[in-house]
Amino acid sequence: MIKTQKEKFNLPKEVTYLNCANIAPLMHELSDMGKDALDIRMQPYKISRQDWFEPTKKLKANFSKLICCNNPERIAILPSVSYGIASVAKNIKLTVHDEILVVDEQYPSNYYSWLNISQESGATIQIVNPPKKPLDKGRLWNEKILAAINSNTRIVALGNIHWTDGTLFQLQEISKKAKQHNALLIIDGSQSIGALPFDIGKIKPDAVFAVGYKWLLGPFSFALGYYGDFFDNGSPLEENWINRKDSDDFQGLVNYTPDYRSFAGRYNVGENSNFHLTPIMNGALEHLLVWGVDNIQNYCKELTKSPINSLKELGCSIEDDNFRTSHLFGIRFGTSVDLKRLQSEFQKNQLYASVRGTAVRISVNVYNDANDMDKLVESIKKVL
């Protein structure tokens, strides 16, 4: 179990920040790392050949540990999740008989590429809606997803959780059903990886992506991706020099080669050495590995247990524990609460949270404490 890490962040005492699902605050130490990394560019002669490759190698190893992947070469460095999704979509051929399964109100980065290839191929996008009644929503929604996977399903694309309210999707069961029908499982882990344990060996996905600036506590314009063996011989979105075999031999770069770096190496974004952002991302991952993702999730669980019970007693609707996460959850009120008035109350109290759809989305992390939770409950009480 870990204690609050609030002192590592620059969050004023009067501010209650419950919006890591939007963008995470940067730690003091990582901000300093970023400034130092930027200053190096004033003296570029200090950047060695090893600096182009070794920090990214370390980054892939750190992310591999975080998601329990035994081969760091299956990790690619990307600028965004949408870039990663587009790269795998480019390598999947569909027919008019195929189906792509997504969930209702899925995040756009894991939707638009599927829409494009469905329009090009004539394949069908199958949207699995949640049950209309909120009672037992998570369990019933998972059952509907499993039932929707059939012999025509070619792709199952979803998050580990739903980004609006933290509904937990049972990826091991979904993966097992997908594999029974030879369907690919493509996961956007942006709202879970870094705060919720994720195990490649148990889930067996075909591709997984996560942005750096949310639960990985890193920089903007940075993402990481895992590519399974289905994509080992695929075509990348771009042809850059650093993704080719033996690109670390600068003198030999004029000897063009048709060969890429092994496994996911071909999918790295150009300029992936990124001397400015890589140190920040590496520093963030190292903090997560020291804290332990299971400990982070347990911290969030203990932190939110009492306020969630209080909110339920006040009549708020929150998903049952077994089918939602503790770091991100949605609060629903029915038609009796004016969400604009609630947002105004939040603003007055310097409480930062998001409204997504019909839910107030609360996303906590290790920089939050009991005082933040008390302020949340008190703010909601005022509009009930």
# chains A, B, ... in the order shown; residues from 1 in each chain; ligands from 1
>>> closest_atom_pairs(of="region 296-373 of chain A", to="region 271-292 of chain A", cutoff="10 Å", atoms="only C-alpha atoms", output="JSON lines")
{"residue": "A:Ile296", "atom": "CA", "partner": "A:Gly292", "partner_atom": "CA", "distance": 6.4}
{"residue": "A:Gln297", "atom": "CA", "partner": "A:Gly292", "partner_atom": "CA", "distance": 8.9}
{"residue": "A:Asn298", "atom": "CA", "partner": "A:Gly292", "partner_atom": "CA", "distance": 9.9}
{"residue": "A:Val366", "atom": "CA", "partner": "A:Trp291", "partner_atom": "CA", "distance": 9.6}
>>> select_by_dssp(residues="region 104-326 of chain A", states="strand (DSSP E or B)", output="number ranges by chain")
A: 124-128, 153-159, 161, 167-168, 184-188, 207-211, 223-227, 244, 260, 317, 324
>>> write_last_selection(atoms="C-alpha atoms", output="short mmCIF file (atom, residue, chain, number, x, y, z; two decimals), in the first residue's frame")
data_model
loop_
_atom_site.label_atom_id
_atom_site.label_comp_id
_atom_site.auth_asym_id
_atom_site.auth_seq_id
_atom_site.Cartn_x
_atom_site.Cartn_y
_atom_site.Cartn_z
CA THR A 124 -20.29 -3.59 -40.86
CA ILE A 125 -19.63 -1.73 -37.62
CA GLN A 126 -21.58 -3.38 -34.84
CA ILE A 127 -22.16 -1.09 -31.84
CA VAL A 128 -22.96 -2.80 -28.55
CA THR A 153 -16.57 -10.70 -36.17
CA ARG A 154 -13.17 -9.74 -37.51
CA ILE A 155 -12.19 -6.98 -35.07
CA VAL A 156 -13.13 -6.23 -31.45
CA ALA A 157 -12.01 -2.69 -30.63
CA LEU A 158 -12.64 -1.18 -27.22
CA GLY A 159 -11.01 0.16 -24.07
CA ILE A 161 -12.83 0.60 -19.35
CA THR A 167 -17.36 0.71 -16.65
CA LEU A 168 -14.94 -2.23 -16.60
CA LEU A 184 -8.46 -9.40 -33.53
CA LEU A 185 -8.63 -7.60 -30.18
CA ILE A 186 -7.46 -3.98 -30.36
CA ILE A 187 -7.41 -2.08 -27.05
CA ASP A 188 -7.21 1.61 -26.25
CA ALA A 207 -2.55 -4.51 -30.16
CA VAL A 208 -2.72 -2.10 -27.21
CA PHE A 209 -2.18 1.66 -27.09
CA ALA A 210 -1.98 4.26 -24.33
CA VAL A 211 -1.36 8.01 -24.37
CA ALA A 223 2.00 7.46 -26.73
CA LEU A 224 3.16 3.87 -26.48
CA GLY A 225 1.87 0.80 -28.26
CA TYR A 226 2.12 -2.98 -28.12
CA TYR A 227 1.91 -4.93 -31.40
CA ARG A 244 15.12 0.39 -40.61
CA TYR A 260 12.82 -3.01 -40.80
CA SER A 317 -26.15 6.26 -9.22
CA ARG A 324 -16.03 -0.34 -12.53
#
>>> residues_around(residues="Lys57 (chain A)", least_positions_apart="6", cutoff="10 Å", atoms="only C-alpha atoms", output="list in words")
Pro72, Glu73, Ile75, Ala76, Ile77 and Ser273 of chain A
>>> atom_distance(atom1="CA of Asn268 (chain A)", atom2="CA of Gln170 (chain A)")
29.1 Å
>>> residues_around(residues="Phe231 (chain A)", least_positions_apart="6", cutoff="8 Å", atoms="only C-alpha atoms", output="list in words")
Val88, Asn91, Phe263 and Ala264 of chain A
>>> residues_around(residues="Asp374 (chain A)", least_positions_apart="3", cutoff="12 Å", atoms="only C-alpha atoms", output="list in words")
Thr16, Leu303, Thr304, Lys305, Ser306, Pro307, Ile308, Ser310, Leu311, Asn349, Leu351, Asn368, Asp369, Ala370, Asn371, Val377, Glu378, Ser379, Ile380 and Lys381 of chain A
